[in-house]
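Text of the file entry-v7.cif, holding mmCIF, C-alpha atoms and all ligand atoms:
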data_start
#
loop_
_atom_site.label_atom_id
_atom_site.label_comp_id
_atom_site.auth_asym_id
_atom_site.auth_seq_id
_atom_site.Cartn_x
_atom_site.Cartn_y
_atom_site.Cartn_z
CA MET F 1 4.02 2.05 10.47
CA ARG F 2 5.20 5.02 12.44
CA LYS F 3 2.38 6.49 14.39
CA ASN F 4 2.94 10.18 13.83
CA GLY F 5 5.06 10.16 10.75
CA VAL F 6 8.15 12.10 9.90
CA ILE F 7 8.69 14.85 7.37
CA VAL F 8 9.64 13.62 3.91
CA PRO F 9 9.84 15.38 0.53
CA PRO F 10 6.37 16.29 -0.76
CA LEU F 11 4.37 13.97 -3.01
CA SER F 12 0.83 14.56 -4.25
CA THR F 13 -1.89 11.93 -4.19
CA GLN F 14 -1.72 11.66 -7.97
CA ASN F 15 2.10 11.34 -7.92
CA ILE F 16 1.79 8.47 -5.47
CA TYR F 17 -1.07 6.75 -7.33
CA THR F 18 0.98 6.90 -10.52
CA ILE F 19 3.96 5.23 -8.82
CA ALA F 20 1.77 2.59 -7.16
CA LYS F 21 -0.10 1.87 -10.37
CA SER F 22 3.06 1.46 -12.41
CA ILE F 23 4.50 -1.03 -9.91
CA ARG F 24 1.27 -3.01 -9.87
CA ALA F 25 1.14 -2.97 -13.66
CA ALA F 26 4.76 -4.07 -13.93
CA MET F 27 3.88 -7.06 -11.78
CA ASN F 28 0.83 -7.77 -13.87
CA SER F 29 -1.25 -8.09 -10.73
CA PRO F 30 -4.87 -9.19 -10.95
CA LEU F 31 -7.61 -6.83 -9.81
CA TYR F 32 -7.58 -8.32 -6.31
CA VAL F 33 -3.91 -7.78 -5.47
CA PRO F 34 -2.43 -10.95 -3.93
CA ILE F 35 -0.33 -8.92 -1.50
CA ASP F 36 1.39 -11.85 0.22
CA ARG F 37 2.46 -13.28 -3.12
CA ILE F 38 3.57 -9.84 -4.31
CA TYR F 39 6.04 -9.90 -1.42
CA GLU F 40 7.35 -13.28 -2.57
CA VAL F 41 7.87 -11.99 -6.08
CA LEU F 42 9.56 -8.80 -4.86
CA LEU F 43 12.01 -10.95 -2.92
CA LYS F 44 13.20 -12.23 -6.27
CA LEU F 45 12.97 -8.92 -8.13
CA ILE F 46 14.56 -6.47 -5.71
CA LYS F 47 18.17 -7.19 -4.96
CA GLY F 48 18.84 -7.17 -1.24
CA PHE F 49 15.18 -7.00 -0.25
CA SER F 50 14.34 -9.02 2.80
CA PHE F 51 11.02 -9.65 4.39
CA GLU F 52 10.68 -10.92 7.94
CA ILE F 53 7.65 -12.20 9.77
CA VAL F 54 8.18 -11.25 13.38
CA THR F 55 6.49 -12.00 16.68
CA LYS F 56 4.66 -9.53 18.86
CA ALA F 57 7.47 -9.87 21.40
CA GLU F 58 9.90 -8.59 18.77
CA ILE F 59 7.91 -5.76 17.24
CA GLY F 60 5.38 -4.81 19.93
CA ASP F 61 2.37 -2.76 18.92
CA ASP F 62 3.59 -2.00 15.43
CA HIS F 63 1.84 -4.03 12.74
CA GLY F 64 4.74 -3.61 10.38
CA LEU F 65 8.05 -1.78 10.12
CA THR F 66 10.13 -0.83 7.13
CA TYR F 67 13.77 0.15 6.94
CA PRO F 68 13.77 1.59 3.41
CA ASP F 69 17.52 1.97 3.04
CA LYS F 70 18.22 -1.52 4.33
CA LYS F 71 15.37 -2.83 2.16
CA ILE F 72 13.92 -4.70 5.11
CA ILE F 73 10.22 -5.05 5.83
CA GLN F 74 9.02 -6.68 9.02
CA ILE F 75 5.39 -7.74 9.37
CA ARG F 76 3.93 -8.97 12.66
CA GLU F 77 2.88 -12.60 12.34
CA ASP F 78 -0.80 -12.11 13.16
CA ILE F 79 -0.98 -9.31 10.59
CA TYR F 80 0.69 -11.51 7.98
CA ASP F 81 -1.74 -14.34 8.72
CA GLY F 82 -4.65 -11.91 8.49
CA ALA F 83 -3.45 -10.60 5.14
CA CYS F 84 -3.12 -14.16 3.81
CA ARG F 85 -6.69 -14.82 4.94
CA GLY F 86 -7.87 -11.71 3.09
CA ASN F 87 -8.37 -9.35 6.04
CA GLY F 88 -8.63 -5.90 4.47
CA ARG F 89 -6.86 -3.99 7.21
CA ASP F 90 -3.94 -6.39 7.26
CA ARG F 91 -3.64 -6.38 3.48
CA PHE F 92 -3.56 -2.59 3.67
CA THR F 93 -0.76 -2.73 6.26
CA MET F 94 1.36 -4.88 3.97
CA ALA F 95 0.74 -2.51 1.06
CA HIS F 96 1.50 0.46 3.36
CA GLU F 97 4.93 -0.97 4.20
CA LEU F 98 5.63 -1.37 0.48
CA GLY F 99 4.86 2.33 0.24
CA HIS F 100 7.73 3.09 2.61
CA LEU F 101 10.00 0.79 0.63
CA PHE F 102 9.23 2.39 -2.72
CA LEU F 103 8.73 6.01 -1.69
CA HIS F 104 11.20 6.49 1.12
CA ARG F 105 14.40 4.85 -0.01
CA GLY F 106 17.27 7.28 0.15
CA VAL F 107 15.00 9.88 1.68
CA ARG F 108 16.18 12.02 4.54
CA PHE F 109 13.70 11.80 7.35
CA ALA F 110 13.21 14.75 9.62
CA ARG F 111 11.40 14.90 12.90
CA SER F 112 8.60 17.39 12.88
CA PRO F 113 9.38 20.39 15.06
CA LYS F 114 7.18 20.50 18.14
CA GLY F 115 3.98 22.42 17.71
CA ILE F 116 4.30 22.71 13.94
CA GLU F 117 1.84 20.72 11.93
CA ILE F 118 3.25 18.78 8.97
CA PRO F 119 1.27 19.20 5.76
CA VAL F 120 -0.15 15.74 4.92
CA TYR F 121 1.67 15.49 1.61
CA ARG F 122 4.98 15.71 3.54
CA ASN F 123 3.98 13.13 6.16
CA SER F 124 5.59 9.70 5.67
CA GLU F 125 2.53 7.89 7.04
CA TRP F 126 0.04 9.70 4.83
CA GLN F 127 2.25 8.98 1.83
CA ALA F 128 2.49 5.25 2.68
CA ASP F 129 -1.28 5.04 3.24
CA THR F 130 -1.91 6.78 -0.07
CA PHE F 131 0.46 4.33 -1.76
CA ALA F 132 -1.39 1.39 -0.19
CA SER F 133 -4.71 2.67 -1.45
CA GLY F 134 -3.26 3.33 -4.90
CA PHE F 135 -1.64 -0.10 -4.99
CA LEU F 136 -4.69 -2.09 -3.93
CA VAL F 137 -7.40 -0.13 -5.75
CA ASP F 138 -7.58 -0.08 -9.54
CA GLU F 139 -8.86 3.37 -10.52
CA GLY F 140 -10.43 2.16 -13.74
CA PHE F 141 -12.52 -0.50 -12.04
CA LEU F 142 -13.23 1.75 -9.04
CA ARG F 143 -15.30 4.03 -11.25
CA ARG F 144 -17.54 1.08 -12.12
CA CYS F 145 -18.20 0.12 -8.50
CA GLU F 146 -21.65 1.00 -7.26
CA SER F 147 -21.21 0.86 -3.51
CA VAL F 148 -18.63 1.11 -0.74
CA GLU F 149 -19.16 -2.60 -0.07
CA GLU F 150 -18.41 -3.46 -3.66
CA VAL F 151 -15.15 -1.47 -3.47
CA ALA F 152 -14.19 -3.26 -0.23
CA ASP F 153 -15.01 -6.72 -1.62
CA THR F 154 -13.48 -6.21 -5.04
CA PHE F 155 -10.16 -4.93 -3.80
CA GLY F 156 -9.98 -6.68 -0.44
CA ILE F 157 -9.81 -3.54 1.66
CA SER F 158 -11.68 -2.45 4.80
CA ILE F 159 -14.95 -0.53 4.61
CA ALA F 160 -13.12 2.49 6.07
CA ALA F 161 -10.47 2.39 3.32
CA ALA F 162 -13.16 1.83 0.68
CA LYS F 163 -15.07 4.88 1.93
CA CYS F 164 -11.96 6.99 1.31
CA ARG F 165 -12.07 6.08 -2.37
CA PHE F 166 -15.70 5.51 -3.30
CA GLY F 167 -17.61 8.31 -4.99
CA LYS F 168 -14.69 10.72 -5.09
CA ASN F 169 -14.83 10.90 -8.88
CA GLU F 170 -11.09 11.00 -8.75
CA GLY F 171 -8.54 10.64 -11.47
CA ARG F 172 -10.71 11.86 -14.31
CA ALA F 173 -7.57 12.42 -16.33
CA GLY F 174 -7.11 8.67 -16.29
CA ALA F 175 -10.72 7.88 -17.18
CA ALA F 176 -9.70 5.93 -20.24
CA THR F 177 -7.88 3.33 -18.13
CA PRO F 178 -9.47 0.04 -19.05
CA ALA F 179 -10.57 -2.14 -16.18
CA ARG F 180 -8.78 -5.45 -16.14
CA PRO F 181 -10.77 -8.64 -15.86
CA PHE F 182 -10.35 -10.96 -12.92
CA HIS F 183 -7.82 -13.65 -13.49
CA GLN F 184 -7.32 -14.94 -10.02
CA GLY F 185 -5.60 -18.23 -9.49
CA SER F 186 -3.20 -18.00 -12.38
CA TRP F 187 -1.15 -15.10 -11.17
CA MET F 188 2.56 -15.93 -11.24
CA ALA F 189 1.82 -19.49 -10.21
ZN ZN F 201 4.19 3.52 8.19
#
Written form, C-alpha cells:
Amino acid sequence: MRKNGVIVPPLSTQNIYTIAKSIRAAMNSPLYVPIDRIYEVLLKLIKGFSFEIVTKAEIGDDHGLTYPDKKIIQIREDIYDGACRGNGRDRFTMAHELGHLFLHRGVRFARSPKGIEIPVYRNSEWQADTFASGFLVDEGFLRRCESVEEVADTFGISIAAAKCRFGKNEGRAGAATPARPFHQGSWMA
C-alpha cells in the first residue's frame, strides 16, 4: 500500500479483472477466496516469492508492502491475523498486495509530477485495489446477489468494497460466466 500511488502503465478495469479472474481460476479457488491459503500456495508456485509477516515496529502505518521485482510481500501481523479471521478489509489488503505483485513486476514506477493529477487507470494504488476487487469477487455470482450485505458476506469483503461492486451491472460481456458452487473446506487441503 502506497498512499498516493505512483504512475504505472495504463490498465482498464476490465483488463485487471481479466487478469485477476484468470489467476483465481488457475488456483481453482472457491467462491469465498481463502486469501491466507492462496499466499501459502503461491509460495510454492512462484519461484523466489517470499511472504513476510512483520510487526508494526518494522512496517509502521502501512498495512502491507510489496516489492514486485524482489517478489516480496510484507503484511503487518494484525492485518494478517484479521484476514485469517475473515475481516473484509484485511482480506482486501492481502489481495491488494497480490495486485502489486502480479501487475507491477518489471514496471517502471514514476513519481507523479507535482500539481498534475494522475488518471486513475495509471495509478498503482487504484490498479491494485481494482485487482483485489476482481480477485475476491466472482462476477458471475455477483450478478445473482440481491444486496450489498450479501455481496460482502459471500465474498468476505467490507460493506464499502461491496458497495463499489453491487448493482453496477458490470461485465455484461461475461454474463455467461457460470457461478461456481461453494466448496469450502476442501480447497487444496
Ligand atoms: Zn498498494
Residues of chain F at most 12 Å from ligand ZN 201 (chain F): nearest atom pair and distance in Å, only C-alpha atoms and all ligand atoms, as a Markdown table:
| residue | atom | partner | partner_atom | distance |
| --- | --- | --- | --- | --- |
| F:Met1 | CA | F:ZN201 | ZN | 2.7 |
| F:Arg2 | CA | F:ZN201 | ZN | 4.6 |
| F:Lys3 | CA | F:ZN201 | ZN | 7.1 |
| F:Asn4 | CA | F:ZN201 | ZN | 8.8 |
| F:Gly5 | CA | F:ZN201 | ZN | 7.2 |
| F:Val6 | CA | F:ZN201 | ZN | 9.6 |
| F:Asp62 | CA | F:ZN201 | ZN | 9.1 |
| F:His63 | CA | F:ZN201 | ZN | 9.1 |
| F:Gly64 | CA | F:ZN201 | ZN | 7.5 |
| F:Leu65 | CA | F:ZN201 | ZN | 6.8 |
| F:Thr66 | CA | F:ZN201 | ZN | 7.4 |
| F:Tyr67 | CA | F:ZN201 | ZN | 10.2 |
| F:Pro68 | CA | F:ZN201 | ZN | 10.9 |
| F:Ile73 | CA | F:ZN201 | ZN | 10.7 |
| F:Gln74 | CA | F:ZN201 | ZN | 11.3 |
| F:Ile75 | CA | F:ZN201 | ZN | 11.4 |
| F:Phe92 | CA | F:ZN201 | ZN | 10.9 |
| F:Thr93 | CA | F:ZN201 | ZN | 8.2 |
| F:Met94 | CA | F:ZN201 | ZN | 9.8 |
| F:Ala95 | CA | F:ZN201 | ZN | 10.0 |
| F:His96 | CA | F:ZN201 | ZN | 6.3 |
| F:Glu97 | CA | F:ZN201 | ZN | 6.1 |
| F:Leu98 | CA | F:ZN201 | ZN | 9.2 |
| F:Gly99 | CA | F:ZN201 | ZN | 8.1 |
| F:His100 | CA | F:ZN201 | ZN | 6.6 |
| F:Leu101 | CA | F:ZN201 | ZN | 9.9 |
| F:Leu103 | CA | F:ZN201 | ZN | 11.2 |
| F:His104 | CA | F:ZN201 | ZN | 10.4 |
| F:Asn123 | CA | F:ZN201 | ZN | 9.8 |
| F:Ser124 | CA | F:ZN201 | ZN | 6.8 |
| F:Glu125 | CA | F:ZN201 | ZN | 4.8 |
| F:Trp126 | CA | F:ZN201 | ZN | 8.2 |
| F:Gln127 | CA | F:ZN201 | ZN | 8.6 |
| F:Ala128 | CA | F:ZN201 | ZN | 6.0 |
| F:Asp129 | CA | F:ZN201 | ZN | 7.5 |
| F:Thr130 | CA | F:ZN201 | ZN | 10.8 |
| F:Phe131 | CA | F:ZN201 | ZN | 10.7 |
| F:Ala132 | CA | F:ZN201 | ZN | 10.3 |
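Atom pair CA of Cys145 in chain F / CA of Asn28 in chain F has a distance of 21.3 Å (rounded to one decimal).
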(request) List the neighbours of Asp36 in chain F out to 12 Å using all atoms listed in the file; skip same-chain residues closer than 4 positions along the sequence, and give me the result as a PyMOL selection string. (result) chain F and resi 29+32+40-43+51+53+75+79-87+90-95+98
(message) What's the separation between CA of Ile159 in chain F and CA of Ser147 in chain F, in Å to one decimal place?
(response) 10.3 Å
Name all residues at most 6 Å from range 10-19 of chain F (count all atoms listed in the file; drop same-chain ones fewer than 5 positions away) and give them as an mmCIF file with C-alpha atoms, in the frame of the given file.
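Writing done, so here's around08.cif:
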data_model
loop_
_atom_site.group_PDB
_atom_site.id
_atom_site.type_symbol
_atom_site.label_atom_id
_atom_site.label_comp_id
_atom_site.auth_asym_id
_atom_site.auth_seq_id
_atom_site.Cartn_x
_atom_site.Cartn_y
_atom_site.Cartn_z
ATOM 1 C CA TYR F 121 1.670 15.490 1.610
ATOM 2 C CA ARG F 122 4.980 15.710 3.540
ATOM 3 C CA PHE F 131 0.460 4.330 -1.760
ATOM 4 C CA GLY F 134 -3.260 3.330 -4.900
#
(request) Quote the spacing between CA of Glu139 in chain F and CA of Met27 in chain F in Å to one decimal place. (result) 16.5 Å
(message) So that I can check the surroundings of Ala152 in chain F, please list as a VMD selection string every protein, DNA and RNA residue that reaches within 8 Å of it, counting all atoms listed in the file and ignoring chain neighbours fewer than 4 positions away.
(response) chain F and resid 88 148 156 to 159 161 to 162
Kindly export the residues of the current selection with C-alpha atoms, as a short mmCIF file (atom, residue, chain, number, x, y, z; two decimals), in the coordinates of the input.
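Ended up saving to out_32.cif:
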data_model
loop_
_atom_site.label_atom_id
_atom_site.label_comp_id
_atom_site.auth_asym_id
_atom_site.auth_seq_id
_atom_site.Cartn_x
_atom_site.Cartn_y
_atom_site.Cartn_z
CA GLY F 88 -8.63 -5.90 4.47
CA VAL F 148 -18.63 1.11 -0.74
CA GLY F 156 -9.98 -6.68 -0.44
CA ILE F 157 -9.81 -3.54 1.66
CA SER F 158 -11.68 -2.45 4.80
CA ILE F 159 -14.95 -0.53 4.61
CA ALA F 161 -10.47 2.39 3.32
CA ALA F 162 -13.16 1.83 0.68
#
(message) So, with all atoms listed in the file as the atoms that count, which of F:Glu58, F:Val33, F:Arg76, F:Ser112 lies closest to Thr154 in chain F?
(response)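 Closest candidate: F:Val33.
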(request) Return the single residue from F:Ala160, F:Val8, F:Leu45, F:Ile72 that is closest to Ala26 in chain F, with distances computed using only C-alpha atoms. (result)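 Closest residue, counting only C-alpha atoms: F:Leu45.
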(message) Calculated over only C-alpha atoms, which of the candidates F:Gly115, F:Arg144, F:Ser133, F:Ser50 has the smallest distance to Lys163 in chain F?
(response) F:Ser133
(message) Nearest residue to Leu136 in chain F out of F:Lys71, F:Glu149, F:Phe166, F:Phe155, using all atoms listed in the file?
(response)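 Once distances to Leu136 in chain F are computed over all atoms listed in the file, the minimum belongs to F:Phe155.
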(request) Find, counting all atoms listed in the file, the residue in F:Ile59, F:Ile7, F:Val151, F:Ala25 that gets nearest to Phe109 in chain F. (result)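 With all atoms listed in the file as the atom set, the closest residue is F:Ile7.
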Model the absent atoms of range 40-73 of chain F so that N, CA and C atoms are present, and write the result as a tab-separated table (two decimals), in the coordinates of the input.
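That gives us part35.tsv:
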chain	number	residue	atom	x	y	z
F	40	GLU	N	6.48	-12.17	-2.14
F	40	GLU	CA	7.35	-13.28	-2.57
F	40	GLU	C	8.04	-12.94	-3.88
F	41	VAL	N	7.29	-12.33	-4.78
F	41	VAL	CA	7.87	-11.99	-6.08
F	41	VAL	C	8.91	-10.87	-5.92
F	42	LEU	N	8.61	-9.90	-5.07
F	42	LEU	CA	9.56	-8.80	-4.86
F	42	LEU	C	10.88	-9.30	-4.27
F	43	LEU	N	10.78	-10.38	-3.48
F	43	LEU	CA	12.01	-10.95	-2.92
F	43	LEU	C	12.97	-11.37	-4.03
F	44	LYS	N	12.37	-11.81	-5.14
F	44	LYS	CA	13.20	-12.23	-6.27
F	44	LYS	C	13.60	-11.04	-7.13
F	45	LEU	N	12.72	-10.04	-7.21
F	45	LEU	CA	12.97	-8.92	-8.13
F	45	LEU	C	13.89	-7.83	-7.57
F	46	ILE	N	13.78	-7.57	-6.28
F	46	ILE	CA	14.56	-6.47	-5.71
F	46	ILE	C	15.79	-7.03	-4.99
F	47	LYS	N	16.92	-6.68	-5.53
F	47	LYS	CA	18.17	-7.19	-4.96
F	47	LYS	C	18.33	-6.68	-3.54
F	48	GLY	N	18.59	-7.58	-2.62
F	48	GLY	CA	18.84	-7.17	-1.24
F	48	GLY	C	17.59	-7.00	-0.40
F	49	PHE	N	16.42	-7.16	-1.02
F	49	PHE	CA	15.18	-7.00	-0.25
F	49	PHE	C	15.00	-8.19	0.67
F	50	SER	N	14.69	-7.91	1.93
F	50	SER	CA	14.34	-9.02	2.80
F	50	SER	C	13.06	-8.72	3.56
F	51	PHE	N	12.33	-9.75	3.79
F	51	PHE	CA	11.02	-9.65	4.39
F	51	PHE	C	10.98	-10.62	5.56
F	52	GLU	N	10.66	-10.09	6.74
F	52	GLU	CA	10.68	-10.92	7.94
F	52	GLU	C	9.31	-10.92	8.60
F	53	ILE	N	8.87	-12.09	8.98
F	53	ILE	CA	7.65	-12.20	9.77
F	53	ILE	C	8.10	-12.29	11.22
F	54	VAL	N	7.65	-11.35	12.02
F	54	VAL	CA	8.18	-11.25	13.38
F	54	VAL	C	7.07	-11.41	14.42
F	55	THR	N	7.47	-11.79	15.61
F	55	THR	CA	6.49	-12.00	16.68
F	55	THR	C	6.15	-10.68	17.36
F	56	LYS	N	5.08	-10.73	18.13
F	56	LYS	CA	4.66	-9.53	18.86
F	56	LYS	C	5.74	-9.15	19.88
F	57	ALA	N	6.41	-10.15	20.42
F	57	ALA	CA	7.47	-9.87	21.40
F	57	ALA	C	8.59	-9.06	20.75
F	58	GLU	N	8.81	-9.29	19.46
F	58	GLU	CA	9.90	-8.59	18.77
F	58	GLU	C	9.51	-7.18	18.34
F	59	ILE	N	8.27	-7.02	17.89
F	59	ILE	CA	7.91	-5.76	17.24
F	59	ILE	C	6.93	-4.93	18.07
F	60	GLY	N	6.29	-5.56	19.06
F	60	GLY	CA	5.38	-4.81	19.93
F	60	GLY	C	4.08	-4.43	19.24
F	61	ASP	N	3.66	-3.19	19.44
F	61	ASP	CA	2.37	-2.76	18.92
F	61	ASP	C	2.37	-2.44	17.44
F	62	ASP	N	3.55	-2.29	16.87
F	62	ASP	CA	3.59	-2.00	15.43
F	62	ASP	C	3.10	-3.20	14.64
F	63	HIS	N	2.32	-2.94	13.61
F	63	HIS	CA	1.84	-4.03	12.74
F	63	HIS	C	2.89	-4.38	11.70
F	64	GLY	N	3.68	-3.40	11.35
F	64	GLY	CA	4.74	-3.61	10.38
F	64	GLY	C	5.78	-2.51	10.53
F	65	LEU	N	6.97	-2.78	10.06
F	65	LEU	CA	8.05	-1.78	10.12
F	65	LEU	C	8.89	-1.92	8.87
F	66	THR	N	9.29	-0.78	8.32
F	66	THR	CA	10.13	-0.83	7.13
F	66	THR	C	11.39	-0.01	7.35
F	67	TYR	N	12.50	-0.58	6.94
F	67	TYR	CA	13.77	0.15	6.94
F	67	TYR	C	14.12	0.33	5.46
F	68	PRO	N	13.66	1.45	4.87
F	68	PRO	CA	13.77	1.59	3.41
F	68	PRO	C	15.20	1.45	2.89
F	69	ASP	N	16.16	2.02	3.58
F	69	ASP	CA	17.52	1.97	3.04
F	69	ASP	C	18.18	0.60	3.20
F	70	LYS	N	17.71	-0.15	4.18
F	70	LYS	CA	18.22	-1.52	4.33
F	70	LYS	C	17.39	-2.51	3.52
F	71	LYS	N	16.30	-2.00	2.94
F	71	LYS	CA	15.37	-2.83	2.16
F	71	LYS	C	14.84	-4.01	2.99
F	72	ILE	N	14.49	-3.68	4.23
F	72	ILE	CA	13.92	-4.70	5.11
F	72	ILE	C	12.48	-4.31	5.48
F	73	ILE	N	11.58	-5.24	5.32
F	73	ILE	CA	10.22	-5.05	5.83
F	73	ILE	C	9.95	-6.14	6.85
